[in-house]
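Data file: entry_21.txt. Format and content: compact mmCIF, C-alpha atoms.
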# COMPACT_ATOMS: atom_id res chain seq x y z
CA MET A 317 -5.08 4.39 -10.72
CA VAL A 318 -4.51 7.89 -9.49
CA LEU A 319 -5.19 11.05 -11.48
CA GLY A 320 -2.38 13.60 -11.54
CA LYS A 321 -0.64 16.36 -13.41
CA VAL A 322 3.01 16.40 -14.46
CA VAL A 323 4.62 19.43 -12.80
CA GLY A 324 8.35 18.76 -13.15
CA THR A 325 11.25 16.40 -13.56
CA VAL A 326 13.85 14.83 -11.24
CA TRP A 327 17.46 14.46 -12.38
CA ALA A 328 19.77 11.92 -10.75
CA THR A 329 23.21 10.80 -11.88
CA ARG A 330 23.92 8.35 -9.07
CA LYS A 331 21.18 5.74 -9.18
CA ASP A 332 20.40 2.06 -9.46
CA ALA A 333 21.63 0.94 -12.89
CA GLN A 334 18.13 -0.23 -13.80
CA LEU A 335 16.89 3.37 -13.77
CA THR A 336 19.34 4.44 -16.49
CA GLY A 337 17.65 6.30 -19.32
CA LEU A 338 14.24 6.50 -17.66
CA LYS A 339 12.46 9.83 -17.35
CA LEU A 340 11.45 10.60 -13.79
CA GLN A 341 8.44 12.89 -13.75
CA ILE A 342 6.98 14.66 -10.74
CA VAL A 343 3.23 14.11 -10.69
CA ARG A 344 0.98 16.00 -8.32
CA GLU A 345 -2.31 14.29 -7.60
CA THR A 346 -5.38 16.17 -8.77
CA ALA A 347 -8.90 16.41 -7.37
CA LEU A 348 -11.94 15.74 -9.57
CA ASP A 349 -12.29 19.49 -10.25
CA GLY A 350 -8.74 19.49 -11.63
CA SER A 351 -7.17 21.34 -8.72
CA LEU A 352 -3.74 20.17 -7.56
CA LYS A 353 -3.34 18.36 -4.23
CA GLU A 354 -0.24 18.67 -2.08
CA ARG A 355 0.49 14.98 -2.47
CA PHE A 356 2.85 14.02 -5.29
CA VAL A 357 4.91 11.08 -6.48
CA VAL A 358 7.90 10.67 -8.75
CA ALA A 359 6.89 8.34 -11.59
CA VAL A 360 8.59 6.79 -14.57
CA ASP A 361 7.03 7.89 -17.83
CA SER A 362 6.12 5.10 -20.28
CA VAL A 363 3.86 7.12 -22.60
CA GLY A 364 5.69 10.38 -23.35
CA ALA A 365 3.79 12.68 -21.01
CA GLY A 366 5.02 16.25 -20.79
CA VAL A 367 4.80 18.91 -18.12
CA GLY A 368 1.26 20.23 -17.75
CA GLU A 369 -0.47 17.09 -18.94
CA THR A 370 -3.05 15.20 -16.89
CA VAL A 371 -2.09 11.57 -16.49
CA LEU A 372 -3.01 8.27 -14.87
CA LEU A 373 -0.52 6.62 -12.53
CA ALA A 374 -0.28 2.93 -11.73
CA GLN A 375 1.46 2.24 -8.43
CA GLY A 376 2.90 -0.66 -6.45
CA SER A 377 3.76 -3.92 -8.20
CA SER A 378 1.42 -2.93 -11.04
CA ALA A 379 3.92 -0.19 -11.91
CA ARG A 380 6.29 -2.93 -13.06
CA GLN A 381 3.89 -4.33 -15.69
CA THR A 382 5.01 -2.11 -18.58
CA ASP A 383 7.81 -2.79 -21.07
CA THR A 384 9.65 0.25 -19.68
CA THR A 385 9.55 -0.78 -16.04
CA ARG A 386 9.50 -4.59 -15.90
CA ASN A 387 11.51 -6.09 -12.99
CA LYS A 388 12.87 -2.68 -12.01
CA PRO A 389 12.80 -0.98 -8.58
CA ILE A 390 10.02 1.36 -9.66
CA ASP A 391 6.74 1.80 -7.78
CA ALA A 392 4.96 4.42 -9.91
CA VAL A 393 4.52 4.72 -13.67
CA ILE A 394 2.50 6.98 -15.96
CA VAL A 395 0.26 4.66 -18.01
CA ALA A 396 -2.02 7.12 -19.82
CA ILE A 397 -2.40 10.77 -20.82
CA VAL A 398 -5.94 11.86 -20.08
CA ASP A 399 -8.00 13.50 -22.84
CA THR A 400 -11.31 14.00 -21.08
CA ILE A 401 -12.99 13.32 -17.77
CA ASP A 402 -16.76 12.80 -17.86
CA LEU A 403 -18.42 13.36 -14.51
CA ALA A 404 -22.05 12.48 -13.77
CA ARG A 405 -24.17 15.42 -12.69
CA MET B 101 8.76 6.95 -5.92
CA VAL B 102 8.88 9.24 -2.94
CA LEU B 103 11.25 12.16 -2.53
CA GLY B 104 13.09 12.34 0.79
CA LYS B 105 16.18 13.40 2.68
CA VAL B 106 18.49 11.12 4.65
CA VAL B 107 18.48 12.37 8.25
CA GLY B 108 20.01 9.50 10.19
CA THR B 109 20.82 5.83 10.59
CA VAL B 110 19.33 2.91 12.52
CA TRP B 111 21.59 0.34 14.18
CA ALA B 112 20.33 -3.13 15.04
CA THR B 113 22.31 -6.16 16.18
CA ARG B 114 19.40 -8.59 16.56
CA LYS B 115 17.73 -8.83 13.17
CA ASP B 116 16.65 -11.14 10.41
CA ALA B 117 19.83 -12.69 8.97
CA GLN B 118 18.99 -11.34 5.52
CA LEU B 119 19.50 -7.78 6.79
CA THR B 120 23.12 -8.44 7.76
CA GLY B 121 25.50 -5.84 6.36
CA LEU B 122 22.80 -3.56 4.98
CA LYS B 123 22.79 0.14 5.85
CA LEU B 124 19.47 1.26 7.28
CA GLN B 125 18.94 4.95 6.60
CA ILE B 126 16.22 7.14 8.06
CA VAL B 127 14.62 9.11 5.24
CA ARG B 128 12.19 11.93 5.95
CA GLU B 129 9.84 12.69 3.10
CA THR B 130 10.22 16.14 1.57
CA ALA B 131 7.73 18.54 0.00
CA LEU B 132 8.32 20.02 -3.46
CA ASP B 133 9.84 23.15 -1.86
CA GLY B 134 12.42 20.93 -0.13
CA SER B 135 10.95 21.25 3.37
CA LEU B 136 10.89 18.13 5.53
CA LYS B 137 7.61 16.38 6.32
CA GLU B 138 6.98 14.58 9.58
CA ARG B 139 6.54 11.30 7.76
CA PHE B 140 9.66 9.12 7.48
CA VAL B 141 10.68 5.58 6.59
CA VAL B 142 13.70 3.42 7.30
CA ALA B 143 15.17 2.37 3.97
CA VAL B 144 18.01 0.18 2.80
CA ASP B 145 20.61 2.12 0.86
CA SER B 146 21.63 0.62 -2.50
CA VAL B 147 23.39 3.69 -3.94
CA GLY B 148 25.67 5.05 -1.20
CA ALA B 149 23.53 7.95 -0.04
CA GLY B 150 24.79 9.92 2.92
CA VAL B 151 23.10 12.02 5.58
CA GLY B 152 21.79 15.28 4.13
CA GLU B 153 21.32 14.00 0.60
CA THR B 154 18.01 14.14 -1.24
CA VAL B 155 16.99 10.73 -2.50
CA LEU B 156 14.29 8.74 -4.24
CA LEU B 157 12.72 5.80 -2.45
CA ALA B 158 11.06 2.78 -4.02
CA GLN B 159 8.61 1.04 -1.70
CA GLY B 160 6.61 -2.17 -1.46
CA SER B 161 7.56 -5.18 -3.57
CA SER B 162 9.46 -2.83 -5.92
CA ALA B 163 11.93 -2.29 -3.08
CA ARG B 164 13.08 -5.89 -3.62
CA GLN B 165 14.10 -5.36 -7.26
CA THR B 166 17.70 -4.27 -6.59
CA ASP B 167 20.77 -6.50 -6.26
CA THR B 168 21.09 -5.38 -2.64
CA THR B 169 17.55 -6.22 -1.59
CA ARG B 170 16.35 -9.12 -3.75
CA ASN B 171 14.12 -11.65 -1.89
CA LYS B 172 14.72 -9.91 1.44
CA PRO B 173 12.15 -8.67 3.98
CA ILE B 174 12.70 -5.07 2.95
CA ASP B 175 9.92 -2.69 1.88
CA ALA B 176 11.85 0.54 1.21
CA VAL B 177 15.08 1.15 -0.70
CA ILE B 178 16.98 4.25 -1.81
CA VAL B 179 17.29 3.95 -5.61
CA ALA B 180 18.72 7.36 -6.57
CA ILE B 181 20.48 10.42 -5.20
CA VAL B 182 18.78 13.51 -6.60
CA ASP B 183 20.91 16.18 -8.34
CA THR B 184 18.22 18.62 -9.44
CA ILE B 185 14.48 19.07 -9.41
CA ASP B 186 12.99 21.08 -12.27
CA LEU B 187 9.56 22.47 -11.49
CA ALA B 188 7.28 24.09 -14.08
CA ARG B 189 6.38 27.69 -13.32
CA MET C 1129 10.49 -0.08 7.09
CA VAL C 1130 8.55 1.52 9.86
CA LEU C 1131 9.90 2.24 13.33
CA GLY C 1132 7.72 1.11 16.22
CA LYS C 1133 7.51 -0.10 19.79
CA VAL C 1134 6.03 -3.39 20.96
CA VAL C 1135 3.19 -2.54 23.36
CA GLY C 1136 1.27 -5.78 23.65
CA THR C 1137 0.18 -9.13 22.28
CA VAL C 1138 -2.90 -10.48 20.51
CA TRP C 1139 -4.22 -13.95 21.33
CA ALA C 1140 -6.44 -15.83 18.89
CA THR C 1141 -7.54 -19.47 19.01
CA ARG C 1142 -9.67 -19.49 15.85
CA LYS C 1143 -7.37 -18.51 13.01
CA ASP C 1144 -6.00 -19.52 9.64
CA ALA C 1145 -3.95 -22.68 10.21
CA GLN C 1146 -0.86 -21.02 8.80
CA LEU C 1147 -0.78 -18.64 11.79
CA THR C 1148 -0.45 -21.48 14.30
CA GLY C 1149 2.40 -20.97 16.71
CA LEU C 1150 3.25 -17.45 15.58
CA LYS C 1151 3.52 -14.62 18.08
CA LEU C 1152 1.30 -11.68 17.18
CA GLN C 1153 2.74 -8.49 18.62
CA ILE C 1154 1.04 -5.11 18.75
CA VAL C 1155 3.47 -2.48 17.49
CA ARG C 1156 2.71 1.22 17.81
CA GLU C 1157 4.55 3.40 15.33
CA THR C 1158 7.01 5.85 16.86
CA ALA C 1159 8.12 9.32 15.83
CA LEU C 1160 11.80 10.18 15.46
CA ASP C 1161 11.84 11.57 19.02
CA GLY C 1162 10.67 8.17 20.28
CA SER C 1163 7.13 9.26 21.13
CA LEU C 1164 4.33 6.83 20.31
CA LYS C 1165 1.90 7.56 17.48
CA GLU C 1166 -1.73 6.47 17.56
CA ARG C 1167 -1.21 4.27 14.52
CA PHE C 1168 -0.38 0.62 15.23
CA VAL C 1169 -0.22 -2.73 13.46
CA VAL C 1170 -0.29 -6.34 14.58
CA ALA C 1171 2.92 -8.00 13.38
CA VAL C 1172 4.40 -11.46 13.49
CA ASP C 1173 7.65 -11.56 15.41
CA SER C 1174 10.58 -13.25 13.66
CA VAL C 1175 13.37 -11.99 15.94
CA GLY C 1176 12.21 -12.48 19.53
CA ALA C 1177 11.19 -8.89 20.31
CA GLY C 1178 9.60 -8.28 23.67
CA VAL C 1179 7.21 -5.67 25.00
CA GLY C 1180 8.91 -2.28 25.32
CA GLU C 1181 11.48 -2.87 22.61
CA THR C 1182 11.88 -0.58 19.61
CA VAL C 1183 11.65 -2.52 16.37
CA LEU C 1184 11.61 -2.29 12.60
CA LEU C 1185 8.60 -3.58 10.70
CA ALA C 1186 8.52 -4.81 7.12
CA GLN C 1187 5.05 -4.66 5.57
CA GLY C 1188 3.18 -5.85 2.51
CA SER C 1189 4.57 -8.70 0.41
CA SER C 1190 8.01 -8.04 1.94
CA ALA C 1191 6.59 -9.30 5.24
CA ARG C 1192 6.50 -12.78 3.68
CA GLN C 1193 10.25 -12.90 2.96
CA THR C 1194 11.32 -14.39 6.31
CA ASP C 1195 11.58 -18.08 7.25
CA THR C 1196 8.81 -17.52 9.79
CA THR C 1197 6.31 -15.95 7.43
CA ARG C 1198 6.94 -17.32 3.95
CA ASN C 1199 3.75 -17.91 1.86
CA LYS C 1200 1.52 -17.06 4.83
CA PRO C 1201 -1.35 -14.55 5.02
CA ILE C 1202 0.78 -12.09 6.98
CA ASP C 1203 1.34 -8.47 5.99
CA ALA C 1204 3.58 -7.21 8.81
CA VAL C 1205 6.66 -8.73 10.44
CA ILE C 1206 9.22 -7.53 12.96
CA VAL C 1207 12.60 -7.83 11.22
CA ALA C 1208 14.94 -6.10 13.69
CA ILE C 1209 15.26 -4.90 17.27
CA VAL C 1210 16.72 -1.41 17.24
CA ASP C 1211 19.80 -0.67 19.36
CA THR C 1212 20.45 2.96 18.46
CA ILE C 1213 19.13 5.70 16.23
CA ASP C 1214 21.65 8.28 15.04
CA LEU C 1215 20.04 11.52 13.91
CA ALA C 1216 21.93 14.29 12.11
CA ARG C 1217 21.91 17.63 13.90
CA MET D 666 -11.90 -4.22 -0.70
CA VAL D 667 -13.11 -0.66 -0.72
CA LEU D 668 -16.71 0.45 -1.15
CA GLY D 669 -17.30 3.16 -3.72
CA LYS D 670 -19.66 4.71 -6.23
CA VAL D 671 -19.01 5.14 -9.94
CA VAL D 672 -19.22 8.87 -10.68
CA GLY D 673 -17.61 9.21 -14.10
CA THR D 674 -15.30 7.96 -16.79
CA VAL D 675 -11.77 8.82 -17.94
CA TRP D 676 -10.91 8.88 -21.67
CA ALA D 677 -7.34 8.52 -22.85
CA THR D 678 -6.08 7.98 -26.40
CA ARG D 679 -2.36 7.90 -25.63
CA LYS D 680 -1.81 5.08 -23.18
CA ASP D 681 0.06 1.87 -22.51
CA ALA D 682 -1.07 -0.63 -25.17
CA GLN D 683 -2.23 -3.03 -22.48
CA LEU D 684 -4.99 -0.59 -21.50
CA THR D 685 -6.57 -0.64 -24.96
CA GLY D 686 -10.28 -1.32 -24.85
CA LEU D 687 -10.60 -1.16 -21.08
CA LYS D 688 -13.19 1.08 -19.44
CA LEU D 689 -11.67 3.44 -16.89
CA GLN D 690 -14.25 4.37 -14.29
CA ILE D 691 -13.90 7.06 -11.64
CA VAL D 692 -14.95 5.61 -8.30
CA ARG D 693 -15.40 7.81 -5.25
CA GLU D 694 -15.08 5.98 -1.96
CA THR D 695 -18.22 5.90 0.15
CA ALA D 696 -18.78 5.89 3.89
CA LEU D 697 -20.97 3.28 5.56
CA ASP D 698 -23.95 5.66 5.44
CA GLY D 699 -23.54 5.87 1.66
CA SER D 700 -22.18 9.42 1.58
CA LEU D 701 -19.34 10.13 -0.85
CA LYS D 702 -15.81 10.73 0.42
CA GLU D 703 -13.40 13.10 -1.32
CA ARG D 704 -11.02 10.24 -2.03
CA PHE D 705 -11.41 8.55 -5.41
CA VAL D 706 -9.55 6.17 -7.70
CA VAL D 707 -9.68 5.38 -11.40
CA ALA D 708 -10.47 1.68 -11.78
CA VAL D 709 -10.85 -0.75 -14.63
CA ASP D 710 -14.33 -2.22 -14.82
CA SER D 711 -14.53 -6.02 -15.08
CA VAL D 712 -18.23 -6.42 -14.24
CA GLY D 713 -20.13 -3.85 -16.32
CA ALA D 714 -20.75 -1.26 -13.59
CA GLY D 715 -22.40 1.97 -14.68
CA VAL D 716 -22.39 5.49 -13.32
CA GLY D 717 -24.32 5.74 -10.05
CA GLU D 718 -23.77 2.14 -9.00
CA THR D 719 -22.18 1.15 -5.71
CA VAL D 720 -19.23 -1.15 -6.26
CA LEU D 721 -16.39 -3.02 -4.58
CA LEU D 722 -12.82 -2.26 -5.63
CA ALA D 723 -9.83 -4.56 -5.36
CA GLN D 724 -6.52 -2.71 -5.32
CA GLY D 725 -2.81 -3.40 -5.59
CA SER D 726 -1.57 -6.67 -7.06
CA SER D 727 -5.00 -8.21 -6.36
CA ALA D 728 -6.38 -5.89 -9.05
CA ARG D 729 -4.50 -8.00 -11.60
CA GLN D 730 -6.29 -11.26 -10.68
CA THR D 731 -9.20 -10.89 -13.10
CA ASP D 732 -9.38 -12.05 -16.73
CA THR D 733 -9.69 -8.41 -17.79
CA THR D 734 -6.63 -7.13 -15.95
CA ARG D 735 -4.12 -10.00 -15.72
CA ASN D 736 -0.45 -8.92 -16.09
CA LYS D 737 -1.46 -5.35 -16.92
CA PRO D 738 -0.28 -2.09 -15.30
CA ILE D 739 -3.56 -1.69 -13.43
CA ASP D 740 -3.83 -1.20 -9.66
CA ALA D 741 -7.59 -0.91 -9.17
CA VAL D 742 -10.46 -2.97 -10.55
CA ILE D 743 -14.19 -3.10 -9.92
CA VAL D 744 -14.95 -6.68 -8.83
CA ALA D 745 -18.59 -6.46 -7.75
CA ILE D 746 -21.72 -4.33 -8.01
CA VAL D 747 -23.27 -4.07 -4.56
CA ASP D 748 -26.95 -4.98 -4.09
CA THR D 749 -27.34 -4.51 -0.36
CA ILE D 750 -25.32 -3.60 2.72
CA ASP D 751 -26.48 -5.11 6.01
CA LEU D 752 -25.22 -3.20 9.03
CA ALA D 753 -25.54 -4.47 12.59
CA ARG D 754 -27.51 -2.20 14.87
CA MET E 1132 -2.30 -6.98 10.29
CA VAL E 1133 -5.04 -4.59 11.24
CA LEU E 1134 -7.38 -5.00 14.19
CA GLY E 1135 -11.07 -4.56 13.43
CA LYS E 1136 -14.63 -5.47 14.27
CA VAL E 1137 -17.15 -7.09 11.95
CA VAL E 1138 -20.10 -4.70 11.67
CA GLY E 1139 -22.00 -5.95 8.63
CA THR E 1140 -22.14 -7.80 5.36
CA VAL E 1141 -22.13 -6.82 1.69
CA TRP E 1142 -24.32 -8.66 -0.83
CA ALA E 1143 -23.54 -8.62 -4.53
CA THR E 1144 -25.08 -10.72 -7.28
CA ARG E 1145 -23.11 -9.29 -10.21
CA LYS E 1146 -19.46 -9.92 -9.45
CA ASP E 1147 -16.26 -11.48 -10.70
CA ALA E 1148 -16.86 -15.23 -10.89
CA GLN E 1149 -13.98 -15.88 -8.52
CA LEU E 1150 -15.92 -14.19 -5.69
CA THR E 1151 -18.81 -16.66 -5.93
CA GLY E 1152 -19.71 -18.17 -2.57
CA LEU E 1153 -17.40 -15.96 -0.54
CA LYS E 1154 -18.72 -14.03 2.46
CA LEU E 1155 -17.93 -10.33 2.25
CA GLN E 1156 -17.78 -8.83 5.72
CA ILE E 1157 -17.57 -5.15 6.58
CA VAL E 1158 -14.81 -4.64 9.12
CA ARG E 1159 -14.34 -1.32 10.90
CA GLU E 1160 -10.84 -0.75 12.21
CA THR E 1161 -10.57 -0.49 15.98
CA ALA E 1162 -8.26 1.50 18.22
CA LEU E 1163 -6.31 -0.17 21.02
CA ASP E 1164 -9.04 0.76 23.52
CA GLY E 1165 -11.54 -1.15 21.38
CA SER E 1166 -13.34 1.93 20.02
CA LEU E 1167 -14.36 1.88 16.37
CA LYS E 1168 -12.57 4.07 13.84
CA GLU E 1169 -14.33 5.56 10.82
CA ARG E 1170 -12.07 3.62 8.47
CA PHE E 1171 -13.40 0.27 7.26
CA VAL E 1172 -12.72 -2.36 4.62
CA VAL E 1173 -14.75 -5.13 3.02
CA ALA E 1174 -12.94 -8.41 3.65
CA VAL E 1175 -13.44 -12.03 2.72
CA ASP E 1176 -13.94 -14.23 5.73
CA SER E 1177 -11.78 -17.36 5.91
CA VAL E 1178 -12.35 -18.24 9.57
CA GLY E 1179 -16.11 -17.96 10.18
CA ALA E 1180 -16.17 -14.59 11.93
CA GLY E 1181 -19.59 -13.20 12.82
CA VAL E 1182 -20.90 -9.70 13.32
CA GLY E 1183 -19.60 -8.18 16.56
CA GLU E 1184 -16.39 -10.20 16.67
CA THR E 1185 -12.95 -8.61 16.84
CA VAL E 1186 -10.74 -9.87 14.05
CA LEU E 1187 -7.36 -9.55 12.39
CA LEU E 1188 -7.19 -8.56 8.73
CA ALA E 1189 -4.40 -9.35 6.30
CA GLN E 1190 -4.30 -6.98 3.34
CA GLY E 1191 -2.65 -6.61 -0.05
CA SER E 1192 -1.07 -9.62 -1.73
CA SER E 1193 -0.94 -11.37 1.67
CA ALA E 1194 -4.72 -11.52 1.55
CA ARG E 1195 -4.38 -14.09 -1.26
CA GLN E 1196 -2.36 -16.55 0.85
CA THR E 1197 -5.31 -18.48 2.29
CA ASP E 1198 -7.07 -21.51 0.78
CA THR E 1199 -10.21 -19.39 0.44
CA THR E 1200 -8.64 -16.51 -1.44
CA ARG E 1201 -5.70 -17.87 -3.46
CA ASN E 1202 -5.24 -16.22 -6.90
CA LYS E 1203 -8.48 -14.26 -6.52
CA PRO E 1204 -9.03 -10.48 -6.90
CA ILE E 1205 -9.25 -10.03 -3.13
CA ASP E 1206 -7.16 -7.55 -1.14
CA ALA E 1207 -8.45 -8.09 2.40
CA VAL E 1208 -9.14 -11.27 4.36
CA ILE E 1209 -10.05 -12.06 7.95
CA VAL E 1210 -7.32 -14.41 9.22
CA ALA E 1211 -8.11 -14.64 12.95
CA ILE E 1212 -10.81 -14.03 15.52
CA VAL E 1213 -9.26 -12.28 18.51
CA ASP E 1214 -9.77 -13.75 22.00
CA THR E 1215 -7.70 -11.33 24.08
CA ILE E 1216 -5.47 -8.31 23.72
CA ASP E 1217 -2.74 -7.91 26.33
CA LEU E 1218 -1.45 -4.35 26.59
CA ALA E 1219 1.62 -3.37 28.59
CA ARG E 1220 0.97 -0.86 31.33
Write out the structure in this file as structure tokens.
Amino acid sequence: MVLGKVVGTVWATRKDAQLTGLKLQIVRETALDGSLKERFVVAVDSVGAGVGETVLLAQGSSARQTDTTRNKPIDAVIVAIVDTIDLAR
Amino acid sequence: MVLGKVVGTVWATRKDAQLTGLKLQIVRETALDGSLKERFVVAVDSVGAGVGETVLLAQGSSARQTDTTRNKPIDAVIVAIVDTIDLAR
Amino acid sequence: MVLGKVVGTVWATRKDAQLTGLKLQIVRETALDGSLKERFVVAVDSVGAGVGETVLLAQGSSARQTDTTRNKPIDAVIVAIVDTIDLAR
Amino acid sequence: MVLGKVVGTVWATRKDAQLTGLKLQIVRETALDGSLKERFVVAVDSVGAGVGETVLLAQGSSARQTDTTRNKPIDAVIVAIVDTIDLAR
Amino acid sequence: MVLGKVVGTVWATRKDAQLTGLKLQIVRETALDGSLKERFVVAVDSVGAGVGETVLLAQGSSARQTDTTRNKPIDAVIVAIVDTIDLAR
């Protein structure tokens, strides 16, 4: 999974019907020191993550293995809100 | 999903029969400030997106989870036309 | 899908039996101005593309959704020969 | 598979229920000389790898082919702890 | 598929049971002129490729479509040993 931070939201009226009602969060990838990378993805939120929170993203077909996303045309989903990162010294 | 902008169309007469009748749009990825990246993909359009519109792309096996693309050799599909992007300050 | 140009062919006698009889084309990715990128893939040809032709590649599991490639250990397939690219000005 | 080194652990209380009880290890990719790359992923551990160990990661849908990860929204899993790397001279 | 050269072998005693008995080869990607790139993957060998041989790799879910790798947590497999590469002039 990829570590990222929720930095915004995408709004879309015209979309595939299977996306109806799903929250589309913009997640910028983060480095291990917490700094934001340029790279970002738009991910469906399955755990109630808000802007500013550090999250884990599952991507590819694995993004369809949640109750929120099953069988839908979605390739990125937030699967966890990170509390702590322990790094070896 | 990836954020992009439709910048053109690909025309192909000789193709896998399963692609018949599908619109093949050229989508350049965009940065969060709306600027175009060099990177682009050719995506099937399932929502009627036109040139100049900002869209969301689903890629990989997730690109086959729409009525337009199911079971076809397609690895990128436009799943939404973006109205607004809200970014945290 | 990715846009590319067929620049050569790979020949292999010792291979997985499921690859027998398939043409393995070398496809260099192209930029929107038609110039060749360094990046290339070896793709199975399902549409009769020859050297010098501009093609569309499907990759990943989507590469197995053609009659030529179904259920085979193949992650890239040529699905169309491009006639024209229309770019917005 | 990708070669990497376990450098830390991610803790998350709020997460998809299917992740309950799984250890989420931070794995930095390594070069062939053993040096750490900047690139890292968060992977589920299915083999008991500890911090400082060199491991092999399976990614994408293949990450769901272990007893620990089957059908879960997980796109990276540690599948082996590396004893030795033999490089040709 | 990706073109590469076998440059070594990985040995691992503690691993997912499904990897038992499989040969894990280190494959460095090669450019079209045959030079080695920095990028490498660890791949299961299904065709008996030895160190120094040029090979084709299938990756992602396609890597599980051989008799050697089916349903296993493996995301890269050697599917052919390359005899010749013909490049257009």
Inset, instruction - Grab the CA of Lys1200 in chain C to CA of Ile174 in chain B distance for me, in Å with one decimal place. - result: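 Calculated distance between CA of Lys1200 in chain C and CA of Ile174 in chain B is 16.5 Å.
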Inset, instruction - Would you please work out which residue, of D:Glu718, D:Asp740, D:Asp751, D:Asp698, is nearest to chain A when using all atoms listed in the file? - result: D:Asp740
Any chance you could lay chain E over chain A, fitting all C-alpha atoms in order by least squares, and write the moved chain as a compact mmCIF listing (two decimals) with C-alpha atoms, keeping the file's coordinate frame?
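Okay, this is what ended up in selection34.txt:
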# COMPACT_ATOMS: atom_id res chain seq x y z
CA MET E 1132 -5.06 4.39 -10.72
CA VAL E 1133 -4.51 7.90 -9.50
CA LEU E 1134 -5.20 11.05 -11.48
CA GLY E 1135 -2.39 13.60 -11.54
CA LYS E 1136 -0.63 16.36 -13.40
CA VAL E 1137 3.01 16.39 -14.47
CA VAL E 1138 4.63 19.41 -12.81
CA GLY E 1139 8.35 18.75 -13.14
CA THR E 1140 11.25 16.40 -13.56
CA VAL E 1141 13.84 14.85 -11.26
CA TRP E 1142 17.46 14.44 -12.38
CA ALA E 1143 19.77 11.92 -10.75
CA THR E 1144 23.20 10.80 -11.89
CA ARG E 1145 23.92 8.35 -9.07
CA LYS E 1146 21.18 5.75 -9.19
CA ASP E 1147 20.41 2.07 -9.46
CA ALA E 1148 21.62 0.93 -12.89
CA GLN E 1149 18.14 -0.24 -13.81
CA LEU E 1150 16.90 3.37 -13.77
CA THR E 1151 19.35 4.45 -16.49
CA GLY E 1152 17.65 6.29 -19.33
CA LEU E 1153 14.26 6.50 -17.66
CA LYS E 1154 12.46 9.83 -17.35
CA LEU E 1155 11.44 10.59 -13.78
CA GLN E 1156 8.44 12.90 -13.75
CA ILE E 1157 6.98 14.65 -10.73
CA VAL E 1158 3.23 14.11 -10.70
CA ARG E 1159 0.97 16.01 -8.30
CA GLU E 1160 -2.32 14.29 -7.59
CA THR E 1161 -5.39 16.18 -8.76
CA ALA E 1162 -8.90 16.40 -7.37
CA LEU E 1163 -11.93 15.75 -9.56
CA ASP E 1164 -12.29 19.49 -10.25
CA GLY E 1165 -8.75 19.49 -11.64
CA SER E 1166 -7.16 21.34 -8.71
CA LEU E 1167 -3.75 20.17 -7.55
CA LYS E 1168 -3.36 18.36 -4.24
CA GLU E 1169 -0.25 18.68 -2.08
CA ARG E 1170 0.48 14.98 -2.46
CA PHE E 1171 2.84 14.02 -5.27
CA VAL E 1172 4.90 11.07 -6.48
CA VAL E 1173 7.90 10.66 -8.76
CA ALA E 1174 6.90 8.34 -11.59
CA VAL E 1175 8.58 6.79 -14.59
CA ASP E 1176 7.02 7.88 -17.83
CA SER E 1177 6.11 5.11 -20.28
CA VAL E 1178 3.86 7.12 -22.61
CA GLY E 1179 5.71 10.38 -23.35
CA ALA E 1180 3.80 12.68 -21.01
CA GLY E 1181 5.01 16.27 -20.80
CA VAL E 1182 4.80 18.90 -18.11
CA GLY E 1183 1.25 20.23 -17.73
CA GLU E 1184 -0.47 17.08 -18.94
CA THR E 1185 -3.05 15.21 -16.88
CA VAL E 1186 -2.09 11.57 -16.49
CA LEU E 1187 -3.01 8.28 -14.87
CA LEU E 1188 -0.53 6.62 -12.53
CA ALA E 1189 -0.29 2.93 -11.73
CA GLN E 1190 1.45 2.24 -8.44
CA GLY E 1191 2.91 -0.64 -6.46
CA SER E 1192 3.75 -3.91 -8.19
CA SER E 1193 1.42 -2.91 -11.06
CA ALA E 1194 3.91 -0.19 -11.91
CA ARG E 1195 6.30 -2.94 -13.07
CA GLN E 1196 3.89 -4.32 -15.69
CA THR E 1197 5.01 -2.11 -18.58
CA ASP E 1198 7.81 -2.78 -21.07
CA THR E 1199 9.65 0.25 -19.67
CA THR E 1200 9.55 -0.79 -16.03
CA ARG E 1201 9.49 -4.60 -15.88
CA ASN E 1202 11.50 -6.10 -12.97
CA LYS E 1203 12.88 -2.69 -12.01
CA PRO E 1204 12.81 -0.98 -8.57
CA ILE E 1205 10.02 1.35 -9.67
CA ASP E 1206 6.74 1.80 -7.79
CA ALA E 1207 4.97 4.42 -9.91
CA VAL E 1208 4.51 4.72 -13.67
CA ILE E 1209 2.50 6.98 -15.95
CA VAL E 1210 0.27 4.66 -18.01
CA ALA E 1211 -2.02 7.13 -19.82
CA ILE E 1212 -2.38 10.75 -20.81
CA VAL E 1213 -5.94 11.85 -20.08
CA ASP E 1214 -7.99 13.49 -22.86
CA THR E 1215 -11.31 13.99 -21.07
CA ILE E 1216 -13.00 13.32 -17.76
CA ASP E 1217 -16.76 12.79 -17.86
CA LEU E 1218 -18.42 13.37 -14.50
CA ALA E 1219 -22.04 12.50 -13.77
CA ARG E 1220 -24.17 15.42 -12.71
Inset, instruction - Kindly give the distance, in Å, that separates CA of Gln683 in chain D and CA of Gly669 in chain D, rounded to a single decimal. - result: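 So the answer is 24.8 Å.
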Legend entry - Proximal residues of chain E relative to chain B (all atoms listed in the file; 12 Å) as a ChimeraX atom specification: /E:1191-1193
Resulting file, chosen residues, C-alpha atoms, as a CSV table (one decimal), keeping the file's coordinate frame:
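What landed in again-v2.csv:
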chain,number,residue,atom,x,y,z
E,1191,GLY,CA,-2.6,-6.6,0.0
E,1192,SER,CA,-1.1,-9.6,-1.7
E,1193,SER,CA,-0.9,-11.4,1.7
